[in-house]
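*Asks:* My file is my_file16.cif. It has mmCIF, C-alpha atoms and all ligand atoms:
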```cif
data_target
loop_
_atom_site.label_atom_id
_atom_site.label_comp_id
_atom_site.auth_asym_id
_atom_site.auth_seq_id
_atom_site.Cartn_x
_atom_site.Cartn_y
_atom_site.Cartn_z
CA MET A 223 -93.74 -14.78 95.59
CA GLN A 224 -91.29 -15.16 92.73
CA PHE A 225 -87.54 -14.63 92.62
CA ASP A 226 -87.06 -14.32 88.87
CA LEU A 227 -85.52 -11.17 87.47
CA THR A 228 -87.32 -9.46 84.62
CA GLU A 229 -85.65 -9.37 81.21
CA ASP A 230 -84.65 -5.73 81.80
CA GLN A 231 -83.14 -6.56 85.19
CA GLN A 232 -81.21 -9.49 83.69
CA MET A 233 -79.90 -7.17 80.98
CA VAL A 234 -78.70 -4.61 83.54
CA GLN A 235 -77.02 -7.37 85.57
CA LYS A 236 -75.26 -8.79 82.50
CA THR A 237 -74.17 -5.37 81.27
CA ALA A 238 -72.80 -4.50 84.72
CA ARG A 239 -71.09 -7.88 85.09
CA ASP A 240 -69.41 -7.69 81.68
CA PHE A 241 -68.27 -4.11 82.26
CA ALA A 242 -67.05 -4.91 85.79
CA THR A 243 -65.14 -8.00 84.71
CA GLN A 244 -63.63 -6.62 81.52
CA GLU A 245 -62.97 -2.98 82.42
CA VAL A 246 -63.14 -2.41 86.18
CA LEU A 247 -61.54 -5.47 87.75
CA PRO A 248 -58.27 -5.23 85.78
CA LYS A 249 -57.76 -1.70 87.18
CA ALA A 250 -58.96 -2.17 90.76
CA ALA A 251 -55.59 -2.91 92.38
CA GLU A 252 -53.94 0.03 90.62
CA ILE A 253 -56.76 2.43 91.56
CA ASP A 254 -56.33 1.37 95.19
CA ARG A 255 -52.53 1.53 95.12
CA GLU A 256 -52.44 4.95 93.46
CA HIS A 257 -55.41 6.38 95.43
CA ARG A 258 -56.70 7.34 91.98
CA HIS A 259 -60.16 8.68 91.14
CA PRO A 260 -61.13 6.39 88.21
CA LYS A 261 -62.33 9.17 85.93
CA GLU A 262 -62.42 6.98 82.82
CA LEU A 263 -64.57 4.35 84.59
CA VAL A 264 -66.96 7.04 85.82
CA ALA A 265 -67.30 8.19 82.20
CA ARG A 266 -68.14 4.61 81.21
CA LEU A 267 -70.68 4.37 84.06
CA ALA A 268 -72.31 7.45 82.55
CA GLU A 269 -72.39 5.87 79.07
CA LEU A 270 -73.98 2.73 80.48
CA GLY A 271 -76.68 4.75 82.27
CA PHE A 272 -75.41 3.67 85.71
CA LEU A 273 -75.17 7.13 87.27
CA GLY A 274 -78.94 7.66 87.33
CA ILE A 275 -80.33 4.15 87.10
CA ALA A 276 -83.69 4.77 88.80
CA VAL A 277 -84.15 8.30 87.48
CA PRO A 278 -86.87 8.57 84.81
CA GLU A 279 -85.60 9.01 81.25
CA GLN A 280 -87.43 12.35 81.18
CA TRP A 281 -84.75 13.62 83.62
CA GLY A 282 -81.72 12.06 81.96
CA GLY A 283 -81.77 8.73 83.82
CA ALA A 284 -81.99 5.12 82.69
CA GLY A 285 -85.60 4.79 83.87
CA MET A 286 -84.91 1.44 85.56
CA ASP A 287 -85.91 0.30 89.06
CA HIS A 288 -84.05 -0.01 92.36
CA VAL A 289 -83.72 -3.78 92.00
CA SER A 290 -81.69 -3.05 88.84
CA TYR A 291 -79.66 -0.52 90.83
CA VAL A 292 -78.79 -3.19 93.43
CA LEU A 293 -77.85 -5.69 90.72
CA ALA A 294 -75.52 -3.20 89.05
CA MET A 295 -74.03 -2.00 92.35
CA GLU A 296 -73.18 -5.57 93.39
CA GLU A 297 -71.35 -6.23 90.12
CA ILE A 298 -69.40 -2.97 90.09
CA SER A 299 -68.47 -3.21 93.79
CA ARG A 300 -67.47 -6.85 93.37
CA ALA A 301 -64.78 -5.54 91.01
CA CYS A 302 -63.91 -2.24 92.73
CA ALA A 303 -65.58 -0.93 95.88
CA SER A 304 -64.25 2.60 95.22
CA THR A 305 -65.99 2.76 91.85
CA GLY A 306 -69.08 1.34 93.55
CA VAL A 307 -69.36 4.11 96.11
CA ILE A 308 -68.81 6.87 93.54
CA MET A 309 -71.80 5.42 91.67
CA SER A 310 -73.86 4.91 94.82
CA VAL A 311 -73.47 8.49 96.04
CA ASN A 312 -74.49 9.96 92.68
CA ASN A 313 -77.54 7.68 92.39
CA SER A 314 -78.82 7.46 95.95
CA LEU A 315 -77.65 10.57 97.72
CA VAL A 316 -77.76 13.16 94.96
CA CYS A 317 -80.15 12.20 92.14
CA ASP A 318 -82.74 10.66 94.46
CA PRO A 319 -83.37 13.68 96.73
CA ILE A 320 -83.41 16.09 93.76
CA LEU A 321 -85.90 13.81 92.01
CA ARG A 322 -88.13 13.61 95.10
CA PHE A 323 -87.85 17.18 96.42
CA GLY A 324 -86.58 19.33 93.55
CA THR A 325 -88.68 21.71 91.46
CA ASP A 326 -88.97 21.04 87.74
CA ALA A 327 -86.52 23.88 87.13
CA GLN A 328 -84.00 22.27 89.53
CA LYS A 329 -84.50 18.91 87.87
CA ALA A 330 -83.89 20.40 84.44
CA ARG A 331 -80.80 22.30 85.61
CA TRP A 332 -79.23 19.69 87.92
CA LEU A 333 -80.89 16.29 87.80
CA THR A 334 -80.70 15.81 84.04
CA PRO A 335 -76.91 16.33 83.82
CA LEU A 336 -76.32 14.41 87.08
CA ALA A 337 -78.36 11.37 86.05
CA SER A 338 -76.78 11.26 82.61
CA GLY A 339 -73.31 11.59 84.10
CA LYS A 340 -72.41 14.98 82.63
CA LEU A 341 -72.01 16.19 86.22
CA LEU A 342 -70.99 14.31 89.36
CA GLY A 343 -72.60 14.96 92.73
CA CYS A 344 -71.84 14.75 96.43
CA PHE A 345 -73.96 14.82 99.61
CA ALA A 346 -72.76 16.92 102.53
CA LEU A 347 -74.46 16.17 105.83
CA SER A 348 -71.63 15.14 108.19
CA GLU A 349 -69.62 17.71 110.08
CA PRO A 350 -66.81 17.55 112.63
CA GLU A 351 -69.45 17.62 115.41
CA ALA A 352 -72.33 16.00 113.53
CA GLY A 353 -71.87 12.42 112.33
CA SER A 354 -74.24 9.89 113.92
CA ASP A 355 -75.95 12.85 115.57
CA ALA A 356 -76.74 14.40 112.21
CA ALA A 357 -79.22 16.88 113.68
CA ALA A 358 -76.37 18.68 115.49
CA GLN A 359 -75.62 20.72 112.34
CA ARG A 360 -73.40 23.78 112.84
CA THR A 361 -73.21 24.99 109.25
CA THR A 362 -75.33 28.12 109.23
CA ALA A 363 -77.67 29.41 106.53
CA THR A 364 -78.72 33.02 107.05
CA PRO A 365 -81.23 34.82 104.82
CA ASP A 366 -79.89 37.99 103.20
CA GLY A 367 -82.42 39.67 100.90
CA ASP A 368 -83.31 37.12 98.24
CA HIS A 369 -80.14 35.12 98.97
CA TRP A 370 -78.83 32.77 101.66
CA VAL A 371 -75.36 33.12 103.16
CA ILE A 372 -73.80 29.82 104.19
CA SER A 373 -70.80 29.17 106.41
CA GLY A 374 -69.42 26.03 108.02
CA THR A 375 -67.39 22.87 107.56
CA LYS A 376 -68.46 19.48 106.22
CA ASN A 377 -66.45 16.32 106.87
CA TRP A 378 -65.50 13.22 104.86
CA ILE A 379 -67.63 14.14 101.85
CA THR A 380 -67.42 11.34 99.27
CA ASN A 381 -66.84 12.70 95.73
CA GLY A 382 -66.29 16.15 97.33
CA PRO A 383 -62.97 16.90 95.60
CA VAL A 384 -64.28 15.77 92.20
CA ALA A 385 -67.93 16.83 92.42
CA ASP A 386 -69.64 19.54 90.36
CA VAL A 387 -72.67 19.85 92.60
CA CYS A 388 -73.55 19.15 96.21
CA VAL A 389 -76.74 18.39 98.13
CA LEU A 390 -75.91 20.44 101.20
CA PHE A 391 -77.46 20.49 104.67
CA THR A 392 -77.37 23.53 106.92
CA MET A 393 -78.90 24.87 110.12
CA ASN A 394 -80.99 27.99 109.72
CA ASP A 395 -82.70 27.91 113.14
CA ARG A 396 -80.75 26.22 115.93
CA ALA A 397 -83.63 26.67 118.43
CA ALA A 398 -85.91 24.59 116.22
CA GLY A 399 -83.59 21.54 116.51
CA HIS A 400 -83.88 19.16 113.57
CA LYS A 401 -86.74 21.27 112.21
CA GLY A 402 -84.20 24.06 111.72
CA ILE A 403 -82.24 22.08 109.12
CA THR A 404 -82.50 23.26 105.52
CA ALA A 405 -81.14 21.66 102.34
CA PHE A 406 -79.65 23.40 99.29
CA ILE A 407 -78.27 22.49 95.91
CA LEU A 408 -74.78 23.96 95.89
CA PRO A 409 -72.65 24.35 92.74
CA MET A 410 -69.17 23.35 93.87
CA ASP A 411 -67.62 26.23 91.92
CA ALA A 412 -69.59 28.83 93.92
CA LYS A 413 -67.45 31.56 95.48
CA GLY A 414 -66.41 30.62 99.03
CA VAL A 415 -66.47 26.82 98.53
CA ARG A 416 -63.16 25.03 99.10
CA CYS A 417 -62.32 21.33 99.47
CA GLY A 418 -59.64 20.19 101.91
CA THR A 419 -56.86 17.72 101.13
CA PRO A 420 -58.42 14.36 100.15
CA ASP A 421 -58.74 12.02 103.14
CA ASP A 422 -55.94 9.45 103.41
CA LYS A 423 -58.03 6.35 103.98
CA LEU A 424 -57.69 2.71 105.07
CA GLY A 425 -59.76 1.48 102.12
CA ILE A 426 -61.88 2.62 99.15
CA ARG A 427 -58.82 4.65 98.25
CA GLY A 428 -60.02 5.43 94.75
CA SER A 429 -63.01 7.23 96.21
CA LYS A 430 -62.02 10.84 96.87
CA SER A 431 -63.46 12.32 100.04
CA SER A 432 -62.55 15.49 101.90
CA GLN A 433 -63.71 18.28 104.10
CA ILE A 434 -65.67 21.05 102.41
CA PHE A 435 -65.17 24.56 103.77
CA LEU A 436 -67.99 27.04 103.19
CA ASP A 437 -67.02 30.64 103.74
CA ASP A 438 -69.89 33.12 103.32
CA VAL A 439 -71.19 31.29 100.26
CA ARG A 440 -74.08 33.23 98.70
CA LEU A 441 -76.82 31.10 97.20
CA PRO A 442 -79.94 32.42 95.46
CA ALA A 443 -83.38 31.48 96.82
CA ASP A 444 -83.87 28.96 94.01
CA ALA A 445 -80.98 26.89 95.39
CA LEU A 446 -83.21 25.82 98.27
CA LEU A 447 -84.08 22.09 98.07
CA GLY A 448 -87.54 21.42 99.50
CA GLU A 449 -88.81 23.70 102.24
CA VAL A 450 -87.05 25.85 104.80
CA GLY A 451 -86.74 23.57 107.84
CA GLY A 452 -87.45 20.45 105.76
CA GLY A 453 -83.82 19.39 105.41
CA PHE A 454 -83.74 16.72 108.12
CA LYS A 455 -86.62 14.87 106.50
CA ILE A 456 -84.80 15.03 103.15
CA ALA A 457 -81.56 13.78 104.73
CA MET A 458 -83.12 10.88 106.64
CA SER A 459 -85.34 9.68 103.78
CA THR A 460 -82.38 9.95 101.40
CA LEU A 461 -80.20 7.86 103.73
CA ASP A 462 -82.92 5.19 103.88
CA GLY A 463 -82.43 4.75 100.13
CA GLY A 464 -78.66 5.24 100.37
CA ARG A 465 -78.44 2.28 102.72
CA ILE A 466 -79.73 0.03 99.95
CA GLY A 467 -76.82 1.22 97.80
CA ILE A 468 -74.25 0.64 100.56
CA ALA A 469 -75.78 -2.76 101.36
CA ALA A 470 -75.26 -3.61 97.67
CA GLN A 471 -71.68 -2.29 97.84
CA ALA A 472 -71.02 -4.49 100.90
CA LEU A 473 -72.63 -7.42 99.10
CA GLY A 474 -70.29 -6.87 96.15
CA ILE A 475 -67.25 -6.85 98.45
CA ALA A 476 -68.48 -10.01 100.19
CA ARG A 477 -68.98 -11.73 96.84
CA ALA A 478 -65.50 -10.74 95.76
CA CYS A 479 -64.18 -12.42 98.91
CA LEU A 480 -66.22 -15.54 98.22
CA ASP A 481 -65.28 -15.77 94.51
CA ASP A 482 -61.60 -15.19 95.23
CA ALA A 483 -61.52 -17.59 98.19
CA VAL A 484 -63.29 -20.41 96.32
CA GLY A 485 -60.95 -19.91 93.36
CA TYR A 486 -57.89 -20.07 95.58
CA ALA A 487 -59.13 -22.98 97.72
CA THR A 488 -59.74 -25.17 94.70
CA GLN A 489 -56.20 -24.53 93.36
CA ARG A 490 -54.06 -24.44 96.47
CA LYS A 491 -53.02 -27.87 97.72
CA THR A 492 -51.75 -28.88 101.14
CA PHE A 493 -51.26 -32.40 102.44
CA GLY A 494 -51.93 -33.72 98.94
CA LYS A 495 -55.35 -32.18 98.30
CA PRO A 496 -56.98 -28.83 97.46
CA ILE A 497 -57.59 -26.94 100.69
CA ILE A 498 -61.35 -26.71 99.91
CA GLN A 499 -61.38 -30.43 100.72
CA HIS A 500 -60.16 -29.76 104.24
CA GLN A 501 -63.38 -29.44 106.13
CA ALA A 502 -62.15 -26.39 108.09
CA ILE A 503 -61.78 -24.45 104.83
CA GLY A 504 -64.83 -25.93 103.09
CA PHE A 505 -67.03 -24.93 106.02
CA LYS A 506 -65.71 -21.37 105.98
CA LEU A 507 -66.65 -21.13 102.31
CA ALA A 508 -70.06 -22.68 102.94
CA ASP A 509 -70.80 -20.11 105.67
CA MET A 510 -69.56 -17.29 103.43
CA ALA A 511 -71.76 -18.41 100.50
CA THR A 512 -74.81 -18.69 102.77
CA GLU A 513 -74.31 -15.23 104.25
CA VAL A 514 -73.67 -13.65 100.83
CA ASP A 515 -76.97 -15.09 99.62
CA ALA A 516 -78.82 -13.88 102.72
CA ALA A 517 -77.33 -10.39 102.32
CA ARG A 518 -78.40 -10.35 98.67
CA LEU A 519 -81.97 -11.36 99.51
CA LEU A 520 -82.26 -8.71 102.24
CA THR A 521 -80.89 -6.04 99.91
CA LEU A 522 -83.12 -6.99 96.99
CA ARG A 523 -86.15 -7.05 99.30
CA ALA A 524 -85.46 -3.48 100.46
CA ALA A 525 -85.08 -2.35 96.83
CA TRP A 526 -88.22 -4.23 95.80
CA LEU A 527 -90.21 -2.48 98.56
CA LYS A 528 -88.84 0.92 97.46
CA ASP A 529 -89.88 0.14 93.88
CA ARG A 530 -93.38 -0.65 95.12
CA LYS A 531 -93.48 2.60 97.10
CA GLN A 532 -94.00 0.61 100.30
CA PRO A 533 -92.22 1.49 103.57
CA TYR A 534 -88.66 0.14 103.45
CA GLY A 535 -86.68 2.02 106.14
CA LYS A 536 -86.40 -0.93 108.53
CA GLU A 537 -85.61 -3.35 105.71
CA ALA A 538 -82.92 -1.03 104.29
CA ALA A 539 -81.29 -0.72 107.73
CA MET A 540 -81.40 -4.52 108.16
CA ALA A 541 -79.90 -5.04 104.71
CA LYS A 542 -77.06 -2.58 105.36
CA LEU A 543 -76.35 -3.94 108.83
CA PHE A 544 -76.26 -7.56 107.69
CA ALA A 545 -74.44 -6.96 104.40
CA ALA A 546 -71.75 -4.85 106.11
CA ASP A 547 -71.27 -7.52 108.75
CA THR A 548 -71.13 -10.18 106.02
CA ALA A 549 -68.54 -8.24 104.02
CA ASN A 550 -66.29 -7.85 107.03
CA ARG A 551 -66.58 -11.48 108.11
CA ALA A 552 -66.08 -12.70 104.54
CA ALA A 553 -62.98 -10.52 104.13
CA ARG A 554 -61.47 -11.78 107.37
CA GLU A 555 -62.12 -15.39 106.42
CA ALA A 556 -60.91 -14.89 102.85
CA ILE A 557 -57.55 -13.76 104.19
CA GLN A 558 -57.45 -16.89 106.34
CA VAL A 559 -58.20 -19.07 103.31
CA PHE A 560 -55.35 -17.42 101.39
CA GLY A 561 -52.94 -17.88 104.33
CA GLY A 562 -49.75 -15.84 103.84
CA ASN A 563 -50.89 -14.85 100.37
CA GLY A 564 -53.92 -13.21 101.97
CA TYR A 565 -51.73 -10.76 103.79
CA VAL A 566 -49.81 -9.34 100.84
CA THR A 567 -50.92 -6.82 98.23
CA GLU A 568 -50.14 -9.19 95.35
CA PHE A 569 -53.52 -10.85 96.02
CA PRO A 570 -56.84 -8.98 96.18
CA VAL A 571 -58.24 -10.08 99.53
CA GLU A 572 -56.27 -7.64 101.70
CA ARG A 573 -57.91 -4.87 99.62
CA HIS A 574 -61.35 -6.36 100.24
CA PHE A 575 -60.53 -6.45 103.97
CA ARG A 576 -59.65 -2.75 103.95
CA ASP A 577 -62.59 -1.80 101.71
CA ALA A 578 -65.15 -3.74 103.76
CA LYS A 579 -64.67 -1.73 106.95
CA ILE A 580 -66.22 1.49 105.68
CA THR A 581 -69.57 -0.22 105.06
CA GLU A 582 -69.97 -0.47 108.85
CA ILE A 583 -69.40 3.28 109.20
CA TYR A 584 -70.87 5.51 106.49
CA GLU A 585 -74.55 6.26 105.85
CA GLY A 586 -75.14 5.32 109.49
CA THR A 587 -72.81 3.10 111.51
CA SER A 588 -73.87 -0.44 112.36
CA GLU A 589 -74.80 0.81 115.83
CA ILE A 590 -77.09 3.42 114.25
CA GLN A 591 -78.69 0.75 112.00
CA ARG A 592 -79.50 -1.24 115.14
CA LEU A 593 -81.01 1.91 116.70
CA VAL A 594 -83.14 2.47 113.59
CA ILE A 595 -84.34 -1.16 113.57
CA ALA A 596 -85.05 -1.13 117.32
CA ASN A 597 -87.00 2.10 116.89
CA TYR A 598 -89.28 0.44 114.31
CA LEU A 599 -89.68 -2.56 116.62
CA SER A 600 -90.62 -0.34 119.57
CA LYS A 601 -93.44 1.08 117.45
CA GLY A 602 -94.66 -2.42 116.66
CA GLN A 603 -93.52 -2.16 113.02
C1 LIG A 701 -64.75 7.43 103.92
C2 LIG A 701 -65.95 8.16 104.45
C3 LIG A 701 -66.86 8.70 103.57
C4 LIG A 701 -67.97 9.40 104.04
N1 LIG A 701 -68.81 10.00 103.14
C5 LIG A 701 -69.76 10.84 103.61
C6 LIG A 701 -70.54 11.64 102.70
O1 LIG A 701 -70.41 11.52 101.47
N2 LIG A 701 -71.43 12.51 103.20
C7 LIG A 701 -71.62 12.67 104.53
O2 LIG A 701 -72.46 13.49 104.92
N3 LIG A 701 -70.90 11.93 105.43
C8 LIG A 701 -69.98 11.04 104.99
N4 LIG A 701 -69.23 10.30 105.89
C9 LIG A 701 -69.46 10.47 107.31
C10 LIG A 701 -70.09 9.25 107.97
O3 LIG A 701 -71.44 9.14 107.59
C11 LIG A 701 -69.87 9.38 109.48
O4 LIG A 701 -68.49 9.15 109.73
C12 LIG A 701 -70.72 8.41 110.27
O5 LIG A 701 -72.09 8.75 110.17
C13 LIG A 701 -70.34 8.35 111.74
O6 LIG A 701 -70.20 9.62 112.29
P1 LIG A 701 -68.87 10.02 113.12
O7 LIG A 701 -67.71 9.64 112.30
O8 LIG A 701 -69.00 11.42 113.55
O9 LIG A 701 -68.87 9.05 114.38
P2 LIG A 701 -69.62 9.33 115.76
O10 LIG A 701 -71.00 9.75 115.51
O11 LIG A 701 -68.75 10.20 116.60
O12 LIG A 701 -69.64 7.86 116.36
C14 LIG A 701 -68.49 7.26 116.98
C15 LIG A 701 -68.90 5.88 117.49
O13 LIG A 701 -69.96 6.00 118.46
C16 LIG A 701 -71.09 5.24 118.04
N5 LIG A 701 -72.31 5.96 118.41
C17 LIG A 701 -72.59 7.27 118.20
N6 LIG A 701 -73.81 7.58 118.68
C18 LIG A 701 -74.32 6.41 119.17
C19 LIG A 701 -75.57 6.06 119.76
N7 LIG A 701 -76.55 6.93 119.93
N8 LIG A 701 -75.74 4.76 120.16
C20 LIG A 701 -74.76 3.85 119.97
N9 LIG A 701 -73.57 4.14 119.40
C21 LIG A 701 -73.37 5.39 118.99
C22 LIG A 701 -70.95 5.13 116.52
O14 LIG A 701 -71.67 4.00 116.03
C23 LIG A 701 -69.45 4.98 116.38
O15 LIG A 701 -69.09 3.64 116.63
C24 LIG A 701 -68.16 9.53 105.44
C25 LIG A 701 -67.25 8.97 106.32
C26 LIG A 701 -66.15 8.30 105.84
C27 LIG A 701 -65.17 7.74 106.83
#
```
Here is the file; what I need is its structure written in the form of structure tokens.
Ligand SMILES: Cc1cc2nc3c(=O)[nH]c(=O)nc-3n(C[C@H](O)[C@H](O)[C@H](O)COP(=O)(O)OP(=O)(O)OC[C@H]3O[C@@H](n4cnc5c(N)ncnc54)[C@H](O)[C@@H]3O)c2cc1C

*Replies:*
Amino acid sequence: MQFDLTEDQQMVQKTARDFATQEVLPKAAEIDREHRHPKELVARLAELGFLGIAVPEQWGGAGMDHVSYVLAMEEISRACASTGVIMSVNNSLVCDPILRFGTDAQKARWLTPLASGKLLGCFALSEPEAGSDAAAQRTTATPDGDHWVISGTKNWITNGPVADVCVLFTMNDRAAGHKGITAFILPMDAKGVRCGTPDDKLGIRGSKSSQIFLDDVRLPADALLGEVGGGFKIAMSTLDGGRIGIAAQALGIARACLDDAVGYATQRKTFGKPIIQHQAIGFKLADMATEVDAARLLTLRAAWLKDRKQPYGKEAAMAKLFAADTANRAAREAIQVFGGNGYVTEFPVERHFRDAKITEIYEGTSEIQRLVIANYLSKGQ
């Protein structure tokens, strides 16, 4: 076993760290305050190859591995969790399923511009009545000649209001249960597609999400992604990979808490010494640093397994569960380290606290991660 990064991985990490520090971090508070989609940063992500990191160069991507993806996600999310999730959705939830299930024609038409950042994607699985129970899809897809007609409502779709294209899940045969779910590639400018008002959120306020209303949307047969009835498999396998991205986002938030708290605790003095020298504060920081490292190792292991084409579903769920927990604990403790300054918007840790919460909810809540892990355990895996 060796823990060294390759030269390419080190280069991605350095590029992401420099970009995050110099260009993303200075804008993070304003993006949050203004609930602003950071269009100019997304354009820079595209230039740096960070919107299709693990997509082969043949299809417009950077041709790197998933370890590199995790390294970049940590750095970007350490600076701005909103920018991190925009990047994660495009990489994990949009490019990845089109790469794995799309035809060459679909890859040429959609994957190449998505991976190179000319287009931005979203992933629409959740519905008002189908969140954790994703198989309870109500959005219908009905064949009509050589077209499909799609109607329904999708909820909380990240990038929805700013996306050009959507990986969409529908139900075409309710009686078949999860085997009746079918996926499509939907151009967001298709007739009958409408986004609701962007969600007014607790955190990741620079990430635009909304409902998507689908009203008799007609899609040609070549918009089908994978096979009729194969959508659930696409969704679940995509979320396995997505969880690596969200684990890395949570890791980035946790590291932001750690960096900020250590910086503050070495400057702030009470009773004649820096507060890091009060054991109560020093121990908090020691626990935080240990958990951040553990979250990073779990996340990198899941990515490493994915790169080796070995099973990684359990490891991705463990990484997301632990990293989300770590981010939330680190954010709570960082506020405590900052004292009164932790509670006001002048300092960044209240933003980390608000941003951290979502990592326990999307791409499978922490309860669902535990169900996934327990399911593997029950099969002796
Ligand atoms: C900001 C944001 C962005 C999102 N982005 C996207 C996106 O881009 N695309 C997309 O498709 N979806 C997206 N989602 C939806 C997200 O994935 C769902 O909110 C999430 O899966 C939970 O579903 P739910 O909200 O319906 O909660 P519910 O499923 O109603 O769950 C409510 C509570 O019950 C618990 N629970 C449910 N079932 C069980 C069970 N069997 N055992 C134990 N506990 C259980 C849950 O853990 C949770 O605590 C987003 C959500 C938010 C808030």

*Asks:* Produce as an NGL selection string the set of residues near ligand LIG 701 (chain A), where near means within 7 Å with all atoms listed in the file considered.

*Replies:* :A and (311 or 344-348 or 350-355 or 377-381 or 423 or 431 or 580 or 583-590 or 593)

*Asks:* Using the selection just defined, write its residues with C-alpha atoms as a CSV table (one decimal), keeping the file's coordinate frame.

*Replies:*
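The file below, selection-v3.csv, is the result:
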```csv
chain,number,residue,atom,x,y,z
A,311,VAL,CA,-73.5,8.5,96.0
A,344,CYS,CA,-71.8,14.8,96.4
A,345,PHE,CA,-74.0,14.8,99.6
A,346,ALA,CA,-72.8,16.9,102.5
A,347,LEU,CA,-74.5,16.2,105.8
A,348,SER,CA,-71.6,15.1,108.2
A,350,PRO,CA,-66.8,17.6,112.6
A,351,GLU,CA,-69.4,17.6,115.4
A,352,ALA,CA,-72.3,16.0,113.5
A,353,GLY,CA,-71.9,12.4,112.3
A,354,SER,CA,-74.2,9.9,113.9
A,355,ASP,CA,-76.0,12.8,115.6
A,377,ASN,CA,-66.4,16.3,106.9
A,378,TRP,CA,-65.5,13.2,104.9
A,379,ILE,CA,-67.6,14.1,101.8
A,380,THR,CA,-67.4,11.3,99.3
A,381,ASN,CA,-66.8,12.7,95.7
A,423,LYS,CA,-58.0,6.4,104.0
A,431,SER,CA,-63.5,12.3,100.0
A,580,ILE,CA,-66.2,1.5,105.7
A,583,ILE,CA,-69.4,3.3,109.2
A,584,TYR,CA,-70.9,5.5,106.5
A,585,GLU,CA,-74.6,6.3,105.8
A,586,GLY,CA,-75.1,5.3,109.5
A,587,THR,CA,-72.8,3.1,111.5
A,588,SER,CA,-73.9,-0.4,112.4
A,589,GLU,CA,-74.8,0.8,115.8
A,590,ILE,CA,-77.1,3.4,114.2
A,593,LEU,CA,-81.0,1.9,116.7
```

*Asks:* Just want the 6 Å neighbourhood of Phe323 of chain A, counted on only C-alpha atoms, with same-chain residues fewer than 3 positions away dropped. Output as a PyMOL selection string.

*Replies:* chain A and resi 319-320+448

*Asks:* Pick the closest to Asp287 of chain A from A:Ala539, A:Leu527, A:Cys388, A:Ala412: which is it, counting all atoms listed in the file?

*Replies:*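 Under the stated criterion, the closest residue is A:Leu527.
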
*Asks:* Which is closer to Lys491 of chain A than all the others in A:Ala358, A:Val559, A:Val316, A:Cys479, using all atoms listed in the file?

*Replies:*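 The closest residue to Lys491 of chain A is A:Val559.
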
*Asks:* Mind giving me the straight-line distance from atom CA of Lys413 of chain A to atom CA of Asp437 of chain A in Å, one decimal?

*Replies:* 8.3 Å

*Asks:* Taking (-80.8, 23.4, 100.7) in the coordinates of the supplied file, I want to know which residues reach to within 6 Å of it, counting all atoms listed in the file; could you give the answer as a PyMOL selection string?

*Replies:* chain A and resi 390-391+404-407+446-447

*Asks:* For segment 300-316 of chain A, I'd like the enclosing box, axis-aligned and padded by 4 Å on every side, reported as JSON with centre and edge lengths in Å to one decimal.

*Replies:*
```
{"center_x": -71.4, "center_y": 3.2, "center_z": 94.4, "size_x": 22.9, "size_y": 28.0, "size_z": 14.7}
```

*Asks:* With only C-alpha atoms as the atoms that count, which of A:Arg360, A:Arg396, A:Lys601, A:Arg477 lies nearest to Val571 of chain A?

*Replies:*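 The answer is A:Arg477, which sits nearest to Val571 of chain A.
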
*Asks:* Figure out the distance between atom CA of Gly399 of chain A and atom CA of Thr375 of chain A, please, to one decimal in Å.

*Replies:*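 Taking atom CA of Thr375 of chain A and atom CA of Gly399 of chain A, their separation equals 18.6 Å.
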
*Asks:* Nearest to Gly463 of chain A among A:Glu572, A:Asp318, A:Glu245, A:Asp368, with distances taken over all atoms listed in the file: which residue is it?

*Replies:*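 Distance minimum relative to Gly463 of chain A lands on A:Asp318.
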
*Asks:* Determine the nearest neighbour of Pro365 of chain A from the options A:Ala545, A:Ala578, A:Val389, A:Leu441, counting only C-alpha atoms.

*Replies:*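 Selected residue with least distance to Pro365 of chain A: A:Leu441.
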
*Asks:* Measure the distance from atom CA of Ser373 of chain A to atom CA of Asp438 of chain A in Å and round it to one decimal.

*Replies:*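 So the two atoms, atom CA of Ser373 of chain A and atom CA of Asp438 of chain A, lie 5.1 Å apart.
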
*Asks:* Of the candidates A:Gly428, A:Pro496, A:Gly504, A:Gly324, which shows the shortest atom-to-atom distance to Asp444 of chain A, using all atoms listed in the file?

*Replies:*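 Nearest to Asp444 of chain A: A:Gly324.
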
*Asks:* Within 7 Å of (-74.8, 11.3, 87.0) (coordinates as in the file), grab all the protein and nucleic acid residues, counting only C-alpha atoms, and write them out as a PyMOL selection string.

*Replies:* chain A and resi 268+273-274+312+335-342

*Asks:* Residues within 8 Å of Ala284 of chain A, please, as a short mmCIF file (atom, residue, chain, number, x, y, z; two decimals) with C-alpha atoms, keeping the file's coordinate frame. Count only C-alpha atoms; anything in the same chain fewer than 6 positions from it doesn't count.

*Replies:*
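Result file is selection_3.cif:
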```cif
data_model
loop_
_atom_site.label_atom_id
_atom_site.label_comp_id
_atom_site.auth_asym_id
_atom_site.auth_seq_id
_atom_site.Cartn_x
_atom_site.Cartn_y
_atom_site.Cartn_z
CA GLY A 271 -76.68 4.75 82.27
CA PHE A 272 -75.41 3.67 85.71
CA GLY A 274 -78.94 7.66 87.33
CA ILE A 275 -80.33 4.15 87.10
CA ALA A 276 -83.69 4.77 88.80
CA VAL A 277 -84.15 8.30 87.48
CA PRO A 278 -86.87 8.57 84.81
CA ALA A 337 -78.36 11.37 86.05
#
```

*Asks:* Find the residues around Ser459 of chain A up to 10 Å (all atoms listed in the file counted), leave out those fewer than 3 positions away in its own chain, and share them as number ranges by chain.

*Replies:* A: 315, 318-319, 322, 453-456, 462-464, 535
